[in-house]
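Data block for start_39.cif (mmCIF, C-alpha atoms and all ligand atoms):
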data_final
#
loop_
_atom_site.label_atom_id
_atom_site.label_comp_id
_atom_site.auth_asym_id
_atom_site.auth_seq_id
_atom_site.Cartn_x
_atom_site.Cartn_y
_atom_site.Cartn_z
CA MET A 26 -179.46 -91.96 -44.77
CA LYS A 27 -180.99 -88.77 -46.13
CA ASN A 28 -180.04 -86.90 -49.30
CA ASN A 29 -177.12 -89.32 -49.75
CA LYS A 30 -175.66 -88.26 -46.43
CA TYR A 31 -175.08 -90.34 -43.31
CA ASN A 32 -176.52 -89.00 -40.08
CA ILE A 33 -174.08 -89.43 -37.23
CA ALA A 34 -174.56 -89.07 -33.49
CA ILE A 35 -171.55 -88.69 -31.24
CA VAL A 36 -171.58 -90.02 -27.69
CA GLY A 37 -168.97 -88.26 -25.56
CA PHE A 38 -168.52 -84.68 -26.76
CA GLY A 39 -165.16 -84.01 -25.10
CA GLY A 40 -161.80 -83.57 -26.80
CA MET A 41 -162.05 -86.35 -29.36
CA GLY A 42 -165.83 -86.07 -29.88
CA THR A 43 -165.33 -82.42 -30.81
CA GLN A 44 -162.41 -83.31 -33.09
CA HIS A 45 -164.59 -85.87 -34.90
CA SER A 46 -167.34 -83.29 -35.41
CA ILE A 47 -164.80 -80.92 -37.00
CA GLN A 48 -163.33 -83.60 -39.26
CA LEU A 49 -166.76 -84.91 -40.26
CA SER A 50 -167.87 -81.40 -41.25
CA LEU A 51 -165.20 -81.65 -43.96
CA VAL A 52 -166.49 -84.95 -45.36
CA GLU A 53 -169.20 -84.55 -47.99
CA GLU A 54 -171.28 -87.59 -47.12
CA ALA A 55 -171.45 -86.89 -43.38
CA VAL A 56 -173.82 -84.91 -41.19
CA VAL A 57 -173.37 -84.76 -37.43
CA LYS A 58 -176.94 -84.53 -36.22
CA GLY A 59 -176.48 -84.65 -32.49
CA THR A 60 -174.44 -85.62 -29.47
CA PHE A 61 -174.88 -86.87 -25.94
CA ASP A 62 -172.49 -86.19 -23.07
CA LEU A 63 -172.95 -86.72 -19.34
CA LYS A 64 -171.55 -83.24 -18.62
CA GLU A 65 -173.86 -80.25 -18.77
CA ASP A 66 -171.20 -77.93 -20.23
CA ARG A 67 -170.55 -80.38 -23.08
CA GLN A 68 -174.30 -80.58 -23.78
CA LYS A 69 -174.32 -76.79 -24.05
CA ALA A 70 -171.21 -76.82 -26.25
CA SER A 71 -173.03 -79.21 -28.58
CA GLN A 72 -176.04 -76.90 -28.89
CA ASP A 73 -173.71 -73.94 -29.43
CA SER A 74 -172.22 -75.87 -32.36
CA GLY A 75 -175.70 -76.30 -33.85
CA PHE A 76 -176.19 -79.96 -32.92
CA ILE A 77 -179.05 -81.60 -31.03
CA ALA A 78 -177.95 -82.37 -27.47
CA TYR A 79 -179.91 -85.58 -26.79
CA GLU A 80 -181.28 -85.82 -23.27
CA ASN A 81 -179.76 -89.26 -22.75
CA TYR A 82 -178.23 -92.14 -24.67
CA GLU A 83 -181.56 -93.93 -25.09
CA THR A 84 -183.06 -90.88 -26.83
CA LEU A 85 -180.05 -90.74 -29.14
CA LEU A 86 -180.46 -94.42 -30.00
CA GLY A 87 -184.20 -93.94 -30.48
CA ASP A 88 -183.66 -91.36 -33.25
CA GLY A 89 -184.52 -93.32 -36.39
CA ASP A 90 -182.57 -90.85 -38.56
CA ILE A 91 -179.23 -91.82 -37.03
CA ASP A 92 -177.24 -94.24 -39.21
CA ILE A 93 -173.98 -94.29 -37.28
CA VAL A 94 -173.16 -93.85 -33.59
CA LEU A 95 -169.64 -92.63 -32.93
CA ILE A 96 -168.32 -93.49 -29.46
CA ALA A 97 -165.76 -91.05 -28.01
CA THR A 98 -166.09 -91.65 -24.28
CA PRO A 99 -163.47 -92.93 -21.78
CA ASN A 100 -162.14 -96.39 -22.56
CA ASN A 101 -164.04 -98.41 -19.93
CA THR A 102 -167.43 -97.34 -21.36
CA HIS A 103 -166.89 -98.42 -24.98
CA LYS A 104 -168.14 -101.99 -24.64
CA GLU A 105 -171.52 -101.22 -23.11
CA LEU A 106 -172.21 -98.23 -25.36
CA ALA A 107 -171.23 -100.16 -28.50
CA ILE A 108 -173.39 -103.19 -27.67
CA LYS A 109 -176.40 -100.97 -26.94
CA ALA A 110 -175.98 -99.09 -30.23
CA LEU A 111 -175.60 -102.28 -32.30
CA LYS A 112 -178.68 -103.77 -30.65
CA ALA A 113 -180.57 -100.56 -31.49
CA GLY A 114 -179.76 -101.22 -35.15
CA LYS A 115 -177.00 -98.61 -35.53
CA ASN A 116 -173.63 -98.95 -37.21
CA VAL A 117 -170.84 -98.04 -34.82
CA ILE A 118 -167.54 -96.21 -35.04
CA CYS A 119 -165.65 -96.69 -31.78
CA GLU A 120 -162.63 -94.84 -30.50
CA LYS A 121 -159.46 -96.69 -29.61
CA PRO A 122 -158.65 -98.58 -27.50
CA VAL A 123 -161.69 -100.51 -28.63
CA THR A 124 -162.00 -102.13 -25.17
CA LEU A 125 -159.83 -102.88 -22.15
CA ASN A 126 -158.99 -106.40 -23.34
CA SER A 127 -159.66 -108.95 -26.07
CA ALA A 128 -162.48 -110.71 -24.17
CA GLU A 129 -164.54 -107.50 -24.14
CA LEU A 130 -163.98 -107.07 -27.87
CA CYS A 131 -165.27 -110.64 -28.45
CA GLU A 132 -168.54 -109.64 -26.79
CA ILE A 133 -168.98 -106.65 -29.11
CA LEU A 134 -168.12 -108.61 -32.25
CA GLU A 135 -170.69 -111.30 -31.40
CA VAL A 136 -173.41 -108.64 -31.25
CA SER A 137 -172.15 -107.01 -34.46
CA GLN A 138 -172.39 -110.37 -36.21
CA LYS A 139 -175.87 -111.10 -34.86
CA THR A 140 -177.25 -107.68 -35.79
CA GLY A 141 -175.40 -107.45 -39.11
CA LYS A 142 -174.38 -103.89 -38.24
CA LEU A 143 -170.93 -102.54 -38.97
CA PHE A 144 -168.51 -102.08 -36.10
CA VAL A 145 -165.26 -100.26 -36.83
CA VAL A 146 -162.49 -98.84 -34.66
CA HIS A 147 -160.92 -95.43 -35.25
CA GLN A 148 -157.28 -96.42 -35.70
CA ASN A 149 -156.50 -93.05 -37.28
CA ARG A 150 -152.75 -93.20 -36.82
CA ARG A 151 -152.54 -95.54 -39.79
CA TRP A 152 -152.86 -92.32 -41.80
CA ASP A 153 -149.88 -90.62 -40.11
CA GLU A 154 -147.11 -89.45 -42.43
CA ASP A 155 -144.32 -90.97 -40.32
CA PHE A 156 -145.90 -94.44 -40.44
CA LEU A 157 -146.69 -94.31 -44.15
CA THR A 158 -143.15 -93.19 -44.90
CA ILE A 159 -141.65 -96.05 -42.88
CA LYS A 160 -144.07 -98.45 -44.59
CA LYS A 161 -142.79 -97.34 -48.00
CA ILE A 162 -139.17 -97.74 -46.88
CA TYR A 163 -140.00 -101.20 -45.52
CA ASP A 164 -142.12 -102.47 -48.43
CA GLU A 165 -139.83 -101.14 -51.17
CA LYS A 166 -136.70 -102.32 -49.35
CA LEU A 167 -135.14 -98.85 -49.59
CA ILE A 168 -132.70 -99.84 -46.83
CA GLY A 169 -132.63 -103.49 -47.87
CA GLU A 170 -134.41 -106.16 -45.85
CA VAL A 171 -135.52 -104.68 -42.55
CA PHE A 172 -134.58 -106.81 -39.53
CA HIS A 173 -135.21 -104.49 -36.57
CA ILE A 174 -137.72 -101.68 -35.91
CA GLU A 175 -137.95 -99.25 -33.01
CA SER A 176 -141.17 -97.25 -32.74
CA ARG A 177 -141.41 -94.59 -30.05
CA ILE A 178 -143.43 -91.78 -28.65
CA HIS A 179 -141.89 -89.70 -25.88
CA GLY A 180 -143.23 -86.76 -23.88
CA SER A 181 -142.38 -85.22 -20.53
CA ARG A 182 -145.73 -84.12 -19.10
CA GLY A 183 -146.80 -87.37 -17.41
CA ILE A 184 -150.35 -88.63 -17.98
CA PRO A 185 -152.99 -85.87 -18.21
CA GLY A 186 -154.88 -85.45 -14.94
CA ASP A 187 -158.16 -86.82 -16.25
CA TRP A 188 -159.65 -90.32 -16.54
CA ARG A 189 -156.44 -91.42 -18.29
CA ARG A 190 -154.88 -91.67 -14.81
CA LEU A 191 -157.53 -94.03 -13.48
CA LYS A 192 -157.36 -97.80 -13.76
CA GLU A 193 -161.14 -98.23 -13.61
CA SER A 194 -161.50 -95.90 -16.64
CA GLY A 195 -159.02 -97.93 -18.65
CA GLY A 196 -156.25 -95.38 -18.27
CA GLY A 197 -152.54 -95.88 -18.86
CA MET A 198 -150.28 -95.56 -21.82
CA MET A 199 -150.46 -99.13 -23.08
CA LEU A 200 -154.16 -98.67 -23.81
CA ASP A 201 -153.66 -95.09 -24.96
CA TRP A 202 -150.64 -94.83 -27.27
CA GLY A 203 -149.73 -98.52 -27.12
CA VAL A 204 -152.67 -99.63 -29.25
CA HIS A 205 -151.80 -97.06 -31.95
CA LEU A 206 -148.16 -98.10 -32.21
CA LEU A 207 -148.93 -101.82 -32.10
CA ASP A 208 -151.68 -101.49 -34.69
CA ARG A 209 -149.22 -99.89 -37.11
CA LEU A 210 -146.39 -102.32 -36.43
CA LEU A 211 -148.61 -105.32 -37.12
CA LEU A 212 -149.49 -103.83 -40.50
CA LEU A 213 -145.80 -103.43 -41.23
CA VAL A 214 -144.19 -106.70 -40.22
CA GLU A 215 -145.62 -109.81 -41.82
CA GLY A 216 -145.84 -113.20 -40.15
CA LYS A 217 -146.49 -114.59 -36.72
CA ILE A 218 -145.17 -113.19 -33.46
CA LYS A 219 -143.16 -115.70 -31.46
CA THR A 220 -142.57 -113.89 -28.16
CA VAL A 221 -143.59 -110.78 -26.21
CA TYR A 222 -141.70 -109.15 -23.36
CA CYS A 223 -142.97 -105.97 -21.69
CA ARG A 224 -142.02 -103.76 -18.75
CA LEU A 225 -144.53 -101.09 -17.78
CA SER A 226 -143.27 -97.94 -16.05
CA PHE A 227 -144.85 -96.14 -13.11
CA GLN A 228 -142.84 -92.91 -12.68
CA SER A 229 -145.90 -90.79 -11.87
CA GLY A 230 -147.94 -93.13 -9.66
CA LYS A 231 -148.92 -96.72 -9.10
CA ASP A 232 -152.43 -96.89 -10.57
CA VAL A 233 -151.74 -97.05 -14.30
CA ASP A 234 -148.66 -97.36 -16.49
CA ASP A 235 -147.26 -94.02 -17.67
CA GLY A 236 -145.15 -95.73 -20.30
CA PHE A 237 -143.66 -99.06 -21.27
CA ILE A 238 -140.98 -100.83 -23.25
CA LEU A 239 -142.19 -103.81 -25.22
CA GLN A 240 -140.15 -106.21 -27.30
CA LEU A 241 -141.50 -108.55 -29.96
CA GLU A 242 -139.77 -111.31 -31.83
CA PHE A 243 -141.38 -112.60 -35.00
CA GLU A 244 -141.09 -116.17 -36.28
CA ASN A 245 -139.13 -114.84 -39.26
CA GLY A 246 -136.49 -113.46 -36.85
CA LYS A 247 -137.45 -109.78 -37.15
CA THR A 248 -137.43 -107.85 -33.89
CA VAL A 249 -139.47 -104.85 -32.75
CA LEU A 250 -139.09 -102.50 -29.82
CA VAL A 251 -142.00 -100.24 -28.83
CA ASP A 252 -141.19 -97.50 -26.34
CA VAL A 253 -143.79 -95.12 -24.91
CA GLY A 254 -142.67 -92.65 -22.24
CA THR A 255 -144.20 -89.63 -20.54
CA CYS A 256 -141.19 -88.71 -18.40
CA ASN A 257 -138.70 -88.15 -21.24
CA TYR A 258 -137.41 -84.57 -21.31
CA ILE A 259 -135.31 -85.41 -24.36
CA SER A 260 -137.21 -87.50 -26.91
CA LEU A 261 -135.55 -90.31 -28.79
CA PRO A 262 -136.44 -90.61 -32.52
CA LYS A 263 -139.97 -91.77 -33.30
CA TRP A 264 -138.61 -94.39 -35.67
CA TYR A 265 -135.25 -96.13 -35.91
CA VAL A 266 -135.32 -98.86 -38.53
CA CYS A 267 -132.43 -101.16 -39.46
CA GLY A 268 -132.17 -102.94 -42.80
CA ASP A 269 -129.31 -105.05 -44.14
CA LYS A 270 -128.41 -102.23 -46.58
CA GLY A 271 -129.10 -99.15 -44.50
CA THR A 272 -130.78 -97.42 -41.59
CA ALA A 273 -133.72 -95.00 -41.49
CA VAL A 274 -134.57 -92.49 -38.78
CA ILE A 275 -137.57 -90.23 -38.26
CA GLU A 276 -136.88 -87.86 -35.42
CA ASP A 277 -140.13 -86.04 -34.74
CA TRP A 278 -143.60 -84.93 -35.90
CA GLU A 279 -141.95 -82.46 -38.30
CA MET A 280 -140.55 -85.44 -40.21
CA ASN A 281 -136.91 -84.54 -39.66
CA GLY A 282 -134.94 -87.65 -40.52
CA ARG A 283 -132.94 -89.47 -43.15
CA MET A 284 -131.87 -92.76 -44.60
CA THR A 285 -128.25 -93.82 -44.73
CA VAL A 286 -127.85 -96.42 -47.46
CA LEU A 287 -124.97 -98.70 -48.43
CA VAL A 288 -123.95 -97.93 -52.03
CA ASP A 289 -120.60 -99.68 -52.33
CA GLU A 290 -120.61 -103.25 -51.09
CA SER A 291 -116.91 -103.91 -51.74
CA SER A 292 -115.96 -103.85 -48.10
CA ALA A 293 -112.41 -102.60 -48.09
CA ASP A 294 -110.83 -103.37 -44.77
CA VAL A 295 -110.35 -100.37 -42.51
CA ASN A 296 -107.64 -99.42 -40.13
CA PRO A 297 -108.52 -99.12 -36.47
CA VAL A 298 -109.47 -95.59 -35.37
CA ILE A 299 -109.09 -93.83 -32.07
CA ALA A 300 -112.42 -93.77 -30.22
CA GLY A 301 -112.63 -92.43 -26.68
CA ALA A 302 -110.04 -93.99 -24.44
CA GLY A 303 -109.31 -96.76 -26.90
CA PHE A 304 -109.43 -97.67 -30.55
CA THR A 305 -111.78 -99.73 -32.72
CA LYS A 306 -112.00 -101.24 -36.15
CA THR A 307 -115.54 -102.66 -35.86
CA MET A 308 -117.17 -99.33 -35.08
CA ALA A 309 -115.06 -97.13 -37.37
CA LEU A 310 -117.18 -94.55 -39.20
CA ARG A 311 -117.60 -94.95 -42.94
CA MET A 312 -115.58 -92.07 -44.40
CA ASP A 313 -114.93 -93.89 -47.69
CA GLY A 314 -118.02 -93.01 -49.74
CA SER A 315 -119.50 -96.48 -49.28
CA VAL A 316 -122.70 -95.03 -47.82
CA GLU A 317 -124.98 -92.26 -49.00
CA GLU A 318 -127.45 -90.09 -47.11
CA ARG A 319 -130.88 -89.90 -48.71
CA PRO A 320 -133.97 -87.88 -47.83
CA LEU A 321 -137.03 -89.65 -46.51
CA PRO A 322 -139.49 -90.64 -49.27
CA ARG A 323 -142.37 -88.80 -47.64
CA VAL A 324 -145.89 -90.24 -48.02
CA LYS A 325 -148.91 -88.15 -47.08
CA ALA A 326 -152.53 -89.22 -46.75
CA ASP A 327 -155.90 -87.75 -45.88
CA GLU A 328 -157.07 -89.08 -42.50
CA LYS A 329 -160.66 -88.32 -43.51
CA ASP A 330 -160.40 -91.36 -45.80
CA PHE A 331 -161.14 -93.32 -42.63
CA TYR A 332 -164.72 -91.98 -42.60
CA ARG A 333 -165.12 -92.30 -46.39
CA ASN A 334 -164.16 -95.96 -46.08
CA VAL A 335 -166.68 -96.50 -43.27
CA PHE A 336 -169.47 -95.03 -45.40
CA ALA A 337 -168.53 -97.21 -48.39
CA ALA A 338 -168.42 -100.25 -46.09
CA VAL A 339 -171.88 -99.42 -44.69
CA ARG A 340 -173.14 -99.39 -48.29
CA GLY A 341 -171.50 -102.79 -48.79
CA GLU A 342 -169.26 -101.44 -51.57
CA THR A 343 -165.97 -102.26 -49.91
CA GLU A 344 -164.36 -103.88 -46.88
CA GLN A 345 -163.62 -101.77 -43.85
CA ILE A 346 -159.95 -100.72 -43.80
CA VAL A 347 -159.62 -101.15 -40.05
CA LYS A 348 -160.56 -104.81 -39.87
CA ASN A 349 -161.84 -106.29 -36.65
CA ASP A 350 -159.49 -109.28 -36.77
CA GLN A 351 -156.58 -106.81 -36.90
CA VAL A 352 -157.97 -104.95 -33.89
CA MET A 353 -158.44 -108.27 -32.09
CA ARG A 354 -154.82 -109.24 -32.72
CA VAL A 355 -153.67 -105.94 -31.20
CA MET A 356 -155.87 -106.46 -28.12
CA LYS A 357 -154.50 -110.00 -27.67
CA LEU A 358 -151.03 -108.52 -27.85
CA VAL A 359 -151.99 -105.95 -25.19
CA ASP A 360 -153.27 -108.83 -23.00
CA ALA A 361 -149.92 -110.60 -23.52
CA ALA A 362 -147.96 -107.42 -22.72
CA PHE A 363 -149.79 -106.98 -19.40
CA LYS A 364 -149.23 -110.67 -18.61
CA SER A 365 -145.53 -110.36 -19.44
CA HIS A 366 -145.20 -107.40 -17.09
CA GLU A 367 -147.09 -109.11 -14.26
CA THR A 368 -145.04 -112.30 -14.51
CA ASN A 369 -141.81 -110.54 -15.55
CA SER A 370 -141.38 -113.17 -18.21
CA VAL A 371 -141.22 -113.67 -21.95
CA VAL A 372 -144.69 -114.73 -23.14
CA SER A 373 -145.21 -117.00 -26.14
CA PHE A 374 -147.65 -115.61 -28.69
CA GLU A 375 -149.45 -117.08 -31.72
P1 LIG A 401 -162.47 -86.44 -22.84
O1 LIG A 401 -162.42 -86.64 -21.38
O2 LIG A 401 -161.98 -85.16 -23.42
O3 LIG A 401 -163.98 -86.63 -23.36
C1 LIG A 401 -164.78 -87.72 -22.97
C2 LIG A 401 -166.20 -87.20 -22.80
O4 LIG A 401 -167.07 -88.34 -22.61
C3 LIG A 401 -166.37 -86.32 -21.57
O5 LIG A 401 -166.93 -85.08 -21.96
C4 LIG A 401 -167.31 -87.09 -20.66
O6 LIG A 401 -168.21 -86.29 -19.94
C5 LIG A 401 -168.05 -87.97 -21.65
N1 LIG A 401 -168.61 -89.20 -21.10
C6 LIG A 401 -168.05 -90.06 -20.21
N2 LIG A 401 -168.85 -91.13 -20.03
C7 LIG A 401 -169.93 -90.93 -20.82
C8 LIG A 401 -171.11 -91.70 -21.05
N3 LIG A 401 -171.31 -92.89 -20.48
N4 LIG A 401 -172.02 -91.20 -21.91
C9 LIG A 401 -171.84 -90.00 -22.51
N5 LIG A 401 -170.73 -89.23 -22.31
C10 LIG A 401 -169.79 -89.71 -21.49
O7 LIG A 401 -161.69 -87.67 -23.47
P2 LIG A 401 -161.14 -87.76 -24.96
O8 LIG A 401 -159.73 -87.32 -25.00
O9 LIG A 401 -162.10 -87.14 -25.89
O10 LIG A 401 -161.12 -89.36 -25.18
C11 LIG A 401 -162.31 -90.05 -25.51
C12 LIG A 401 -161.95 -91.32 -26.26
O11 LIG A 401 -161.26 -90.95 -27.47
C13 LIG A 401 -161.02 -92.25 -25.52
O12 LIG A 401 -161.36 -93.58 -25.78
C14 LIG A 401 -159.64 -91.95 -26.09
O13 LIG A 401 -158.74 -93.03 -26.03
C15 LIG A 401 -159.99 -91.62 -27.52
N6 LIG A 401 -159.03 -90.73 -28.19
C16 LIG A 401 -158.59 -91.09 -29.42
C17 LIG A 401 -157.68 -90.30 -30.08
C18 LIG A 401 -157.23 -90.70 -31.45
O14 LIG A 401 -156.33 -90.08 -31.99
N7 LIG A 401 -157.84 -91.72 -32.04
C19 LIG A 401 -157.20 -89.12 -29.49
C20 LIG A 401 -157.70 -88.75 -28.23
C21 LIG A 401 -158.62 -89.58 -27.58
#

What's the structure tokens form of this structure?
Amino acid sequence: MKNNKYNIAIVGFGGMGTQHSIQLSLVEEAVVKGTFDLKEDRQKASQDSGFIAYENYETLLGDGDIDIVLIATPNNTHKELAIKALKAGKNVICEKPVTLNSAELCEILEVSQKTGKLFVVHQNRRWDEDFLTIKKIYDEKLIGEVFHIESRIHGSRGIPGDWRRLKESGGGMMLDWGVHLLDRLLLLVEGKIKTVYCRLSFQSGKDVDDGFILQLEFENGKTVLVDVGTCNYISLPKWYVCGDKGTAVIEDWEMNGRMTVLVDESSADVNPVIAGAGFTKTMALRMDGSVEERPLPRVKADEKDFYRNVFAAVRGETEQIVKNDQVMRVMKLVDAAFKSHETNSVVSFE
């Protein structure tokens, strides 16, 4: 640390490495000193941005000025790079998915414990407005007691044609978007998970999953459906949350959505209504003023608080927000999801 600023070196200066350098330039306590990337053009891009382009990873780790190594390389490389950095006496920020499975994460955490250096995973989607808004609705019971949650991300472009398509690189949507959505859901729903059932989809090839549908049942009876798809030309809402006094929907990134809340509990009986080729009483719409539409209680946050928290945790002033036991639980859930798919069975969990 120099002049009260943390010197950071980024390994992997591609899409996310570049994004980190931009975000970090907006955080007072941070200085990106240098980067290392295997690709020549990314080394040049680093120099063009005014950073040192270290000749190799060993030179980066040998720079005594560097306090924190930030790993933004393809998923299969995280474990080895993290262990080397921790052993070199560096604190480490690692991109998600932390590793390809929970066993690999165990190996990193052992080294982190031995060296006493901080290891933290960039689970940035905890700072997303849609998640924070659903968390407020859930915690404050704005639609009553929530009993079912659907969390989705849909696109129609398949998996990008890079390492994300390759099994050996740790590609696939479970490890890509899955870990984000699961991380958030486990912060939302309290208690133990009883069962996991998952079907991966392979619309665009056989090597890695291009989406999945995963169902969780918690010991307290709450149910969760996680749906990631890359062949969805019409997207379903990102969130669909059912409580015993209402329902909440968030449609898209623009935060279109609403809550419909029960305001009159005196359930006057209704007459059957015509619906399609028949009639129904059960599914009759509420035209009697017993429900009210309310806007979403939007909650915004600054995603740069992730870095600020890491710096405070390095100083020993606070706990890291993204805790390693939380990340481990998500990776164990990912292991269980893959097992469920392979065996086409419901897997017991926790
Ligand atoms: P990318 O392909 O754009 O960049 C990766 C870079 O790493 C490439 O330039 C490549 O040359 C370099 N590289 C590969 N192996 C290396 C090694 N051993 N040493 C040094 N450099 C190496 O990929 P990306 O989209 O930036 O993804 C990188 C990581 O960031 C992945 O783990 C991904 O899951 C994660 N990511 C996270 C988010 C998020 O929101 N948290 C978003 C995108 C990507």

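With all atoms listed in the file counted, the chains near ligand LIG 401 (chain A) contribute these residues within 7 Å: A:Val36, A:Gly37, A:Phe38, A:Gly39, A:Gly40, A:Met41, A:Gly42, A:Phe61, A:Asp62, A:Leu63, A:Lys64, A:Arg67, A:Tyr82, A:Ala97, A:Thr98, A:Pro99, A:Asn100, A:Thr102, A:Glu120, A:Lys121, A:Pro122, A:His147, A:Gln148, A:Asn149, A:Arg150, A:Asp187, A:Trp188, A:Asp201.
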
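The two atoms in question, atom CA of Trp278 of chain A and atom CA of Ile178 of chain A, are spaced 10.0 Å apart.
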
**OP:** May I have the residues within 12 Å of segment 231-235 of chain A as a PyMOL selection string, using all atoms listed in the file and disregarding those fewer than 6 positions away in the same chain?
**Re:** chain A and resi 178-186+188-203+223-225+252-257+362-363+366

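Going from atom CA of Pro322 of chain A to atom CA of Tyr163 of chain A covers 11.2 Å.
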
Subject >> Residue nearest Asn369 of chain A among A:Tyr258, A:Tyr222, A:Cys267, A:Gln228 (counting all atoms listed in the file) >> reply: A:Tyr222

**OP:** Would you list the contacts of Val371 of chain A as a PyMOL selection string, taking every protein, DNA or RNA residue within 7 Å and counting all atoms listed in the file, but skipping same-chain residues closer than 6 positions in sequence?
**Re:** chain A and resi 220-222+365

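Straight-line separation from atom CA of Ala273 of chain A to atom CA of Thr285 of chain A: 6.5 Å.
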
Subject >> Sel. within 10 Å of pt (-148.7, -102.6, -36.9), counting only C-alpha atoms, output as a list in words >> reply: Arg151, Phe156, Lys160, Val204, His205, Leu206, Leu207, Asp208, Arg209, Leu210, Leu211, Leu212, Leu213, Val214, Glu215, Gln351, Arg354 and Val355 of chain A

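Taking all atoms listed in the file into account, Val266 of chain A lies nearest to A:Thr158 out of the set A:Thr158, A:Ser291, A:Thr60, A:Asn296.
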
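Distance check against Lys219 of chain A using all atoms listed in the file: of A:Thr124, A:Ser373, A:Asn349, A:Ser71, the minimum falls on A:Ser373.
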
Just so I have it separately, write segment 351-363 of chain A from the block I sent, keeping N, CA and C atoms, as an mmCIF file, in the first residue's frame.
data_model
loop_
_atom_site.group_PDB
_atom_site.id
_atom_site.type_symbol
_atom_site.label_atom_id
_atom_site.label_comp_id
_atom_site.auth_asym_id
_atom_site.auth_seq_id
_atom_site.Cartn_x
_atom_site.Cartn_y
_atom_site.Cartn_z
ATOM 1 N N GLN A 351 -20.273 -18.794 1.838
ATOM 2 C CA GLN A 351 -21.419 -18.608 0.933
ATOM 3 C C GLN A 351 -21.069 -19.098 -0.477
ATOM 4 N N VAL A 352 -19.849 -18.743 -0.914
ATOM 5 C CA VAL A 352 -19.412 -19.160 -2.258
ATOM 6 C C VAL A 352 -19.309 -20.688 -2.312
ATOM 7 N N MET A 353 -18.819 -21.273 -1.222
ATOM 8 C CA MET A 353 -18.708 -22.739 -1.163
ATOM 9 C C MET A 353 -20.083 -23.398 -1.269
ATOM 10 N N ARG A 354 -21.073 -22.816 -0.598
ATOM 11 C CA ARG A 354 -22.417 -23.406 -0.642
ATOM 12 C C ARG A 354 -22.955 -23.387 -2.083
ATOM 13 N N VAL A 355 -22.693 -22.277 -2.772
ATOM 14 C CA VAL A 355 -23.140 -22.180 -4.176
ATOM 15 C C VAL A 355 -22.438 -23.249 -5.021
ATOM 16 N N MET A 356 -21.120 -23.426 -4.808
ATOM 17 C CA MET A 356 -20.400 -24.415 -5.630
ATOM 18 C C MET A 356 -20.876 -25.832 -5.326
ATOM 19 N N LYS A 357 -21.238 -26.100 -4.063
ATOM 20 C CA LYS A 357 -21.776 -27.431 -3.735
ATOM 21 C C LYS A 357 -23.133 -27.636 -4.411
ATOM 22 N N LEU A 358 -23.869 -26.541 -4.515
ATOM 23 C CA LEU A 358 -25.168 -26.611 -5.196
ATOM 24 C C LEU A 358 -24.965 -26.858 -6.695
ATOM 25 N N VAL A 359 -23.954 -26.224 -7.263
ATOM 26 C CA VAL A 359 -23.627 -26.460 -8.681
ATOM 27 C C VAL A 359 -23.234 -27.928 -8.869
ATOM 28 N N ASP A 360 -22.403 -28.469 -7.968
ATOM 29 C CA ASP A 360 -22.042 -29.897 -8.036
ATOM 30 C C ASP A 360 -23.322 -30.746 -8.037
ATOM 31 N N ALA A 361 -24.248 -30.407 -7.134
ATOM 32 C CA ALA A 361 -25.486 -31.188 -7.000
ATOM 33 C C ALA A 361 -26.346 -31.058 -8.256
ATOM 34 N N ALA A 362 -26.350 -29.864 -8.851
ATOM 35 C CA ALA A 362 -27.148 -29.646 -10.071
ATOM 36 C C ALA A 362 -26.611 -30.511 -11.214
ATOM 37 N N PHE A 363 -25.284 -30.550 -11.372
ATOM 38 C CA PHE A 363 -24.695 -31.393 -12.425
ATOM 39 C C PHE A 363 -25.021 -32.875 -12.156
#
